[in-house]
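Structure below is start08.cif: mmCIF, C-alpha atoms.
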```cif
data_start
#
loop_
_atom_site.label_atom_id
_atom_site.label_comp_id
_atom_site.auth_asym_id
_atom_site.auth_seq_id
_atom_site.Cartn_x
_atom_site.Cartn_y
_atom_site.Cartn_z
CA MET A 1 -9.13 -15.03 12.74
CA PRO A 2 -8.39 -12.56 9.97
CA ASN A 3 -10.12 -13.47 6.79
CA ARG A 4 -8.56 -13.50 3.36
CA ARG A 5 -9.72 -9.99 2.51
CA HIS A 6 -8.11 -8.53 5.59
CA THR A 7 -4.89 -10.39 4.92
CA ARG A 8 -4.80 -9.12 1.34
CA PHE A 9 -5.40 -5.58 2.58
CA LEU A 10 -2.55 -5.85 5.05
CA VAL A 11 -0.17 -7.32 2.50
CA CYS A 12 -0.97 -4.52 0.04
CA TRP A 13 -0.11 -1.90 2.63
CA LEU A 14 3.12 -3.62 3.58
CA VAL A 15 4.20 -3.96 -0.05
CA LEU A 16 3.42 -0.32 -0.64
CA GLY A 17 5.41 0.65 2.41
CA CYS A 18 8.38 -1.44 1.31
CA CYS A 19 8.28 -0.01 -2.22
CA LEU A 20 8.33 3.51 -0.88
CA ALA A 21 10.86 2.85 1.82
CA GLY A 22 13.51 1.75 -0.69
CA PRO A 23 13.82 4.98 -2.66
CA LEU A 24 13.48 6.94 0.54
CA ALA A 25 16.33 5.06 2.15
CA ALA A 26 18.44 5.58 -0.98
CA ARG A 27 17.84 9.32 -0.82
CA ALA A 28 18.59 9.47 2.84
CA ALA A 29 21.87 7.66 2.34
CA GLY A 30 23.32 10.55 0.26
CA THR A 31 23.29 9.09 -3.19
CA ALA A 32 23.01 10.60 -6.62
CA THR A 33 21.96 8.98 -9.83
CA PHE A 34 23.48 10.26 -13.05
CA LYS A 35 21.95 9.65 -16.43
CA ALA A 36 23.87 10.29 -19.62
CA VAL A 37 22.34 10.27 -23.09
CA LEU A 38 24.51 10.29 -26.21
CA ILE A 39 22.83 12.17 -29.04
CA TYR A 40 23.86 12.62 -32.65
CA ALA A 41 22.80 16.05 -33.84
CA SER A 42 22.73 16.73 -37.56
CA ASP A 43 20.57 17.89 -40.39
CA GLU A 44 20.11 14.31 -41.53
CA PRO A 45 16.47 13.32 -41.15
CA ALA A 46 15.86 11.23 -38.07
CA PRO A 47 12.63 9.81 -36.71
CA LEU A 48 11.18 11.27 -33.57
CA ASP A 49 12.41 9.34 -30.57
CA ARG A 50 10.40 9.31 -27.35
CA ARG A 51 13.60 8.82 -25.39
CA LEU A 52 14.56 12.37 -26.36
CA GLU A 53 11.21 14.02 -25.87
CA ASP A 54 12.33 15.77 -22.67
CA ILE A 55 15.45 17.29 -24.18
CA GLU A 56 15.12 17.48 -27.95
CA TYR A 57 12.92 20.57 -28.06
CA LYS A 58 15.37 22.36 -25.78
CA LEU A 59 18.32 21.38 -27.91
CA ARG A 60 16.48 22.51 -31.02
CA ARG A 61 16.02 25.96 -29.48
CA MET A 62 19.69 26.24 -28.53
CA LEU A 63 21.51 24.56 -31.41
CA LYS A 64 21.23 24.91 -35.15
CA PHE A 65 20.71 21.27 -35.98
CA ALA A 66 17.40 20.07 -37.34
CA HIS A 67 17.45 16.48 -36.15
CA TYR A 68 18.60 14.62 -33.07
CA ARG A 69 19.16 10.90 -32.96
CA HIS A 70 19.45 8.83 -29.78
CA SER A 71 22.78 6.99 -29.94
CA GLY A 72 23.05 5.47 -26.49
CA GLU A 73 22.40 6.06 -22.85
CA GLY A 74 23.20 4.77 -19.42
CA SER A 75 22.95 5.66 -15.78
CA ILE A 76 24.78 5.08 -12.56
CA THR A 77 23.95 5.62 -8.90
CA LEU A 78 26.80 6.77 -6.73
CA ASN A 79 27.15 7.01 -2.98
CA LEU A 80 28.50 10.46 -2.37
CA PRO A 81 31.38 10.93 -2.56
CA GLY A 82 31.89 8.34 -5.23
CA ALA A 83 32.99 7.65 -8.76
CA GLY A 84 31.93 5.52 -11.64
CA ALA A 85 31.59 5.28 -15.38
CA ILE A 86 28.64 5.17 -17.74
CA PRO A 87 29.31 3.33 -21.01
CA LEU A 88 27.35 4.86 -23.87
CA GLY A 89 28.28 2.63 -26.79
CA GLY A 90 30.45 3.33 -29.82
CA GLY A 91 33.52 3.56 -27.61
CA HIS A 92 32.08 6.48 -25.68
CA GLN A 93 31.82 6.60 -21.93
CA VAL A 94 31.35 9.20 -19.24
CA ARG A 95 33.39 8.99 -16.07
CA ILE A 96 32.03 10.77 -13.07
CA SER A 97 33.54 11.55 -9.72
CA ALA A 98 30.91 13.21 -7.56
CA THR A 99 30.65 14.83 -4.14
CA ASP A 100 27.79 16.41 -2.29
CA ALA A 101 27.72 20.14 -2.97
CA GLY A 102 25.11 21.05 -0.39
CA GLY A 103 21.42 21.59 -0.83
CA GLN A 104 20.24 19.46 -3.67
CA ASN A 105 23.41 19.87 -5.69
CA VAL A 106 26.27 17.60 -6.54
CA ARG A 107 29.70 18.62 -7.73
CA ALA A 108 30.88 16.29 -10.48
CA GLN A 109 34.15 15.92 -12.28
CA VAL A 110 33.06 14.63 -15.62
CA GLN A 111 35.17 13.14 -18.36
CA TRP A 112 33.68 12.27 -21.71
CA LEU A 113 35.99 9.70 -23.25
CA ARG A 114 36.18 8.11 -26.66
CA GLY A 115 38.64 5.27 -26.53
CA GLY A 116 41.29 6.61 -24.21
CA GLN A 117 40.93 10.22 -25.30
CA ALA A 118 39.22 12.76 -23.10
CA LEU A 119 36.95 14.69 -25.44
CA VAL A 120 35.70 16.94 -22.66
CA SER A 121 36.80 17.22 -19.07
CA THR A 122 34.78 19.48 -16.86
CA THR A 123 33.92 20.16 -13.28
CA VAL A 124 30.33 21.14 -12.88
CA LYS A 125 27.92 21.74 -10.08
CA LEU A 126 24.67 20.07 -11.02
CA GLY A 127 21.28 20.69 -9.57
CA ARG A 128 19.02 17.68 -9.44
CA ARG A 129 17.18 17.22 -12.72
CA SER A 130 18.98 20.18 -14.22
CA PRO A 131 20.97 18.84 -17.16
CA ALA A 132 24.30 19.89 -18.49
CA VAL A 133 24.87 19.40 -22.18
CA LEU A 134 28.35 18.47 -23.33
CA GLY A 135 28.85 18.62 -27.06
CA GLY A 136 30.56 19.69 -30.19
CA ILE A 137 32.45 16.52 -31.08
CA SER A 138 32.44 16.06 -34.86
CA GLU A 139 30.79 12.93 -36.17
CA ARG A 140 30.07 12.46 -39.86
CA ASN A 141 27.95 15.46 -40.89
CA GLY A 142 26.95 16.46 -37.40
CA ARG A 143 28.01 16.69 -33.80
CA LEU A 144 27.84 14.42 -30.83
CA ILE A 145 26.18 15.59 -27.64
CA VAL A 146 26.03 14.10 -24.17
CA CYS A 147 23.18 15.21 -21.99
CA LEU A 148 24.08 14.60 -18.35
CA THR A 149 21.48 14.85 -15.62
CA ALA A 150 21.75 14.24 -11.91
CA TYR A 151 18.79 12.92 -9.92
CA MET B 1 -65.88 -55.02 41.34
CA ILE B 2 -64.95 -51.58 40.18
CA GLY B 3 -63.77 -51.38 36.62
CA ARG B 4 -60.95 -49.30 35.36
CA GLU B 5 -63.33 -46.71 33.96
CA GLN B 6 -65.10 -46.23 37.29
CA ASP B 7 -61.78 -46.05 39.06
CA ARG B 8 -60.63 -43.28 36.69
CA GLU B 9 -63.95 -41.43 37.08
CA LEU B 10 -63.65 -41.60 40.84
CA SER B 11 -60.12 -40.29 40.77
CA ARG B 12 -61.14 -37.38 38.53
CA TRP B 13 -64.08 -36.66 40.81
CA LEU B 14 -61.77 -36.50 43.79
CA ASP B 15 -59.59 -34.07 41.89
CA GLY B 16 -62.57 -31.95 40.94
CA GLU B 17 -62.04 -32.52 37.23
CA VAL B 18 -65.48 -33.77 36.27
CA SER B 19 -68.56 -31.97 34.97
CA PRO B 20 -71.57 -31.59 37.27
CA LYS B 21 -73.39 -34.32 35.36
CA GLN B 22 -70.46 -36.71 35.76
CA ALA B 23 -70.13 -35.70 39.41
CA ALA B 24 -73.74 -36.57 40.01
CA ALA B 25 -73.21 -39.96 38.39
CA VAL B 26 -70.13 -40.64 40.55
CA GLU B 27 -71.90 -39.60 43.72
CA ALA B 28 -74.85 -41.86 42.88
CA TYR B 29 -72.43 -44.66 42.30
CA LEU B 30 -70.73 -44.04 45.64
CA GLU B 31 -74.03 -44.24 47.43
CA GLU B 32 -74.84 -47.62 46.01
CA SER B 33 -71.32 -49.18 46.03
CA ALA B 34 -69.48 -49.96 49.26
CA GLU B 35 -66.40 -50.87 47.31
CA ALA B 36 -66.50 -47.49 45.66
CA ARG B 37 -66.66 -45.82 49.04
CA ARG B 38 -63.74 -47.94 50.27
CA LEU B 39 -61.76 -46.89 47.21
CA ARG B 40 -62.63 -43.25 47.80
CA ALA B 41 -61.35 -43.60 51.36
CA GLU B 42 -58.13 -45.15 50.10
CA PHE B 43 -57.66 -42.33 47.59
CA ALA B 44 -58.31 -39.75 50.23
CA GLU B 45 -55.85 -41.35 52.61
CA ALA B 46 -53.23 -41.61 49.89
CA GLY B 47 -53.74 -37.95 49.11
CA GLU B 48 -53.40 -37.04 52.75
CA ARG B 49 -50.17 -39.02 52.97
CA LEU B 50 -48.81 -37.30 49.93
CA ARG B 51 -49.60 -33.88 51.35
CA ARG B 52 -47.81 -34.84 54.56
CA LEU B 53 -44.66 -35.90 52.78
CA PRO B 54 -41.75 -33.49 53.52
CA VAL B 55 -41.00 -31.04 50.77
CA PRO B 56 -37.39 -31.53 49.63
CA ASP B 57 -35.04 -28.63 50.27
CA GLY B 58 -33.76 -26.65 47.29
CA PRO B 59 -34.93 -24.06 44.89
CA ALA B 60 -38.22 -24.20 43.15
CA PRO B 61 -38.18 -25.42 39.54
CA GLU B 62 -38.96 -21.88 38.37
CA ALA B 63 -35.90 -20.62 40.20
CA VAL B 64 -33.75 -23.35 38.69
CA TRP B 65 -35.01 -22.53 35.21
CA ALA B 66 -34.40 -18.82 35.78
CA LYS B 67 -30.88 -19.62 36.88
CA VAL B 68 -30.30 -21.71 33.76
CA ARG B 69 -31.57 -18.94 31.54
CA ARG B 70 -29.42 -16.38 33.36
CA THR B 71 -26.35 -18.59 32.97
CA LEU B 72 -27.06 -19.04 29.28
CA ARG B 73 -27.48 -15.29 28.82
CA LEU B 74 -24.25 -14.52 30.67
CA GLU B 75 -22.36 -17.07 28.62
CA ALA B 76 -23.74 -15.60 25.41
CA GLU B 77 -22.70 -12.11 26.49
CA GLU B 78 -19.24 -13.33 27.42
CA SER B 79 -18.92 -15.04 24.07
CA ASN B 80 -19.91 -11.84 22.29
CA ARG B 81 -17.38 -9.88 24.28
CA ARG B 82 -14.65 -12.34 23.36
CA ARG B 83 -15.60 -12.19 19.70
CA GLN B 84 -15.56 -8.41 19.74
CA GLY B 85 -12.22 -8.43 21.49
CA ALA B 86 -10.82 -10.83 18.93
CA GLY B 87 -12.15 -8.62 16.14
CA PHE B 88 -10.31 -5.66 17.56
CA LEU B 89 -7.14 -7.70 17.89
CA VAL B 90 -7.52 -8.79 14.29
CA SER B 91 -8.17 -5.31 13.06
CA ARG B 92 -5.32 -3.77 15.03
CA PRO B 93 -2.54 -5.10 12.76
CA LEU B 94 -4.59 -3.98 9.79
CA TRP B 95 -4.79 -0.49 11.16
CA ALA B 96 -1.12 -0.55 12.08
CA GLY B 97 -0.18 -1.70 8.59
CA GLY B 98 -2.40 0.91 7.04
CA MET B 99 -0.96 3.65 9.18
CA LEU B 100 2.61 2.60 8.35
CA GLY B 101 1.77 2.56 4.67
CA VAL B 102 0.22 6.01 4.81
CA LEU B 103 3.18 7.28 6.82
CA ALA B 104 5.65 5.86 4.29
CA LEU B 105 3.65 7.38 1.46
CA GLY B 106 3.59 10.78 3.15
CA ILE B 107 7.28 10.79 3.94
CA SER B 108 8.18 9.64 0.45
CA LEU B 109 6.03 12.27 -1.19
CA ALA B 110 7.53 14.90 1.07
CA ALA B 111 11.01 13.68 0.12
CA VAL B 112 10.15 13.69 -3.56
CA PHE B 113 8.81 17.23 -3.41
CA TRP B 114 11.67 18.36 -1.25
CA GLN B 115 14.47 16.84 -3.28
CA GLY B 116 13.33 16.20 -6.79
CA GLY B 117 9.81 17.19 -7.57
CA ALA B 118 10.12 20.60 -6.08
CA GLY B 119 13.18 21.14 -8.20
CA ASP B 120 11.07 20.69 -11.28
CA ALA B 121 8.26 22.82 -10.03
CA VAL B 122 10.42 25.68 -8.81
CA ALA B 123 12.57 25.94 -11.92
CA ALA B 124 15.67 23.82 -11.71
CA VAL B 125 18.88 25.56 -10.81
CA PRO B 126 21.10 25.58 -13.89
CA ALA B 127 24.34 23.70 -13.78
CA VAL B 128 27.35 25.81 -12.85
CA VAL B 129 30.51 25.01 -14.79
CA GLU B 130 33.70 25.44 -12.82
CA SER B 131 36.22 24.29 -15.41
CA VAL B 132 36.33 22.82 -18.91
CA GLU B 133 39.10 21.42 -21.05
CA SER B 134 39.54 19.04 -23.93
CA ASP B 135 42.32 16.75 -25.04
CA LEU B 136 41.37 17.31 -28.69
CA PRO B 137 44.19 19.17 -30.41
CA GLY B 138 43.45 22.78 -31.12
CA ALA B 139 39.98 22.58 -29.67
CA MET B 140 38.33 25.54 -27.97
CA THR B 141 35.82 25.20 -25.23
CA MET B 142 32.94 27.45 -24.38
CA VAL B 143 30.13 27.52 -21.90
CA TYR B 144 26.71 28.85 -22.58
CA GLN B 145 23.73 29.07 -20.29
CA ASP B 146 20.36 29.32 -21.91
CA GLU B 147 17.83 31.00 -19.69
CA ASP B 148 14.86 29.90 -21.73
CA THR B 149 15.56 26.19 -21.54
CA GLY B 150 17.59 26.16 -18.34
CA LEU B 151 20.27 24.16 -20.10
CA THR B 152 23.96 24.65 -19.56
CA LEU B 153 25.93 23.95 -22.71
CA ILE B 154 29.58 22.93 -22.55
CA TRP B 155 30.74 23.04 -26.10
CA VAL B 156 33.96 21.90 -27.73
CA GLN B 157 34.76 23.71 -30.95
CA GLU B 158 37.22 21.65 -32.92
CA SER B 159 39.77 23.67 -34.87
CA GLU B 160 39.03 22.36 -38.36
CA ASN B 161 35.34 23.24 -38.15
CA GLN B 162 34.32 26.75 -37.26
CA GLU B 163 30.58 26.28 -37.58
CA PRO B 164 28.52 28.53 -35.36
CA VAL B 165 27.18 26.68 -32.36
CA HIS B 166 24.12 28.58 -31.28
CA ALA B 167 20.88 28.86 -33.03
CA GLU B 168 19.96 32.01 -34.85
CA SER B 169 18.19 33.30 -31.78
#
```

In structure tokens, how does this file's structure come out?
Amino acid sequence: MPNRRHTRFLVCWLVLGCCLAGPLAARAAGTATFKAVLIYASDEPAPLDRRLEDIEYKLRRMLKFAHYRHSGEGSITLNLPGAGAIPLGGGHQVRISATDAGGQNVRAQVQWLRGGQALVSTTVKLGRRSPAVLGGISERNGRLIVCLTAY
Amino acid sequence: MIGREQDRELSRWLDGEVSPKQAAAVEAYLEESAEARRLRAEFAEAGERLRRLPVPDGPAPEAVWAKVRRTLRLEAEESNRRRQGAGFLVSRPLWAGGMLGVLALGISLAAVFWQGGAGDAVAAVPAVVESVESDLPGAMTMVYQDEDTGLTLIWVQESENQEPVHAES
């Protein structure tokens, strides 16, 4: 009879296998996850935010603003082809209609909406983990930015 | 009348189990006692009868004992074999589970490096903008790709604010 140690060992392996099989199956099924982060860029002092640590230093190199404040974020996983919306708060949302673009790329029709108004409409071919930055919308003394990344 | 002690001494003498001194005493006693001689004759006759009795067929006790020990040894070996077999059967699912886990881990890591991780390591391909427009009145759009950061910027320049977009660099 298997003792308790053996059983625990077996269960650990099976759990590990199941945990890894899920993401693998999702990838194999032709899905893409989109993450959108709404950022308020201005010269108004803002505390450092760990949620922006991957993008803020890049934005600082490219844009003139001194401070970047996290204003909302969301993500969505789409079966390709597929469409969906990411609400970002403050009346902002990003609508995405995506198709597989071959390789590791997705082609996305992206609409950044505030209320019913399309602030930016773009068609962009995104590499996985290679963000596109949509921005320039005036807000108080700064600009609003949406950082969109496909995974 | 022969007492119990003499009877026992006589029996031991007949079996050759007495010392020479005791043997001499028994022999002296036999010479002087007719009853002792009669008893010796009875013992001798009984012994002769016993020797004439047929030996029962069958294996000798040593052979029986050897067979018992052999049977016990074989059963012990069989038991060990069964236990070892059971151990293998128990460990087989463990190995199978372990192998599946390792396989899943390997495939997943390969998938991660192939699809995502490798993208990071090999410099992500910048986004390619195919079209841009804005519903904001009078707004201009522009696209800028920054090689240093790998970012693709899709910028809307609203008409009332002509601030420069890019950093001084």

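Within 6 Å of chain A, counting all atoms listed in the file, chain B contributes Val90, Leu94, Gly97, Gly98, Gly101, Ala104, Ser108, Ala124, Val125, Pro126, Ala127, Val128, Val129, Glu130, Ser131, Val132, Glu133, Ser134, Asp135, Thr149, Thr152, Leu153, Ile154, Trp155, Val156, Gln157, His166 and Ala167 of chain B.
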
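The space between atom CA of Val18 of chain B and atom CA of Leu53 of chain B spans 26.7 Å.
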
Specify as an mmCIF file with C-alpha atoms, keeping the file's coordinate frame each residue included when the PyMOL selection byres ((chain A and resi 32-37) around 9) is applied to this file.
```
data_model
loop_
_atom_site.group_PDB
_atom_site.id
_atom_site.type_symbol
_atom_site.label_atom_id
_atom_site.label_comp_id
_atom_site.auth_asym_id
_atom_site.auth_seq_id
_atom_site.Cartn_x
_atom_site.Cartn_y
_atom_site.Cartn_z
ATOM 1 C CA ALA A 26 18.440 5.580 -0.980
ATOM 2 C CA ARG A 27 17.840 9.320 -0.820
ATOM 3 C CA GLY A 30 23.320 10.550 0.260
ATOM 4 C CA THR A 31 23.290 9.090 -3.190
ATOM 5 C CA LEU A 38 24.510 10.290 -26.210
ATOM 6 C CA ILE A 39 22.830 12.170 -29.040
ATOM 7 C CA LEU A 52 14.560 12.370 -26.360
ATOM 8 C CA HIS A 70 19.450 8.830 -29.780
ATOM 9 C CA SER A 71 22.780 6.990 -29.940
ATOM 10 C CA GLY A 72 23.050 5.470 -26.490
ATOM 11 C CA GLU A 73 22.400 6.060 -22.850
ATOM 12 C CA GLY A 74 23.200 4.770 -19.420
ATOM 13 C CA SER A 75 22.950 5.660 -15.780
ATOM 14 C CA ILE A 76 24.780 5.080 -12.560
ATOM 15 C CA THR A 77 23.950 5.620 -8.900
ATOM 16 C CA LEU A 78 26.800 6.770 -6.730
ATOM 17 C CA ASN A 79 27.150 7.010 -2.980
ATOM 18 C CA LEU A 80 28.500 10.460 -2.370
ATOM 19 C CA ILE A 86 28.640 5.170 -17.740
ATOM 20 C CA PRO A 87 29.310 3.330 -21.010
ATOM 21 C CA LEU A 88 27.350 4.860 -23.870
ATOM 22 C CA VAL A 94 31.350 9.200 -19.240
ATOM 23 C CA ILE A 96 32.030 10.770 -13.070
ATOM 24 C CA ALA A 98 30.910 13.210 -7.560
ATOM 25 C CA ASP A 100 27.790 16.410 -2.290
ATOM 26 C CA VAL A 106 26.270 17.600 -6.540
ATOM 27 C CA ARG A 128 19.020 17.680 -9.440
ATOM 28 C CA ILE A 145 26.180 15.590 -27.640
ATOM 29 C CA VAL A 146 26.030 14.100 -24.170
ATOM 30 C CA CYS A 147 23.180 15.210 -21.990
ATOM 31 C CA LEU A 148 24.080 14.600 -18.350
ATOM 32 C CA THR A 149 21.480 14.850 -15.620
ATOM 33 C CA ALA A 150 21.750 14.240 -11.910
ATOM 34 C CA TYR A 151 18.790 12.920 -9.920
#
```

For the file shown, report as a PyMOL selection string the outcome of the PyMOL selection byres ((chain A and resi 45) around 10) at residue level.
-> chain A and resi 42-44+46-48+66-69

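Put simply, atom CA of Gln6 of chain B is 8.2 Å away from atom CA of Val26 of chain B.
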
Just the residues within 12 Å of segment 33-44 of chain B, please, counting only C-alpha atoms, with nothing from its chain fewer than 6 positions along; format it as a list in words.
-> Met1, Ile2, Gly3, Arg4, Gln6, Asp7, Arg8, Glu9, Leu10, Ser11, Arg12, Trp13, Leu14, Asp15, Val26, Glu27, Leu50 and Arg51 of chain B

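For the atom pair formed by atom CA of Ala66 of chain B and atom CA of Ser79 of chain B, the distance is 19.8 Å, given to one decimal.
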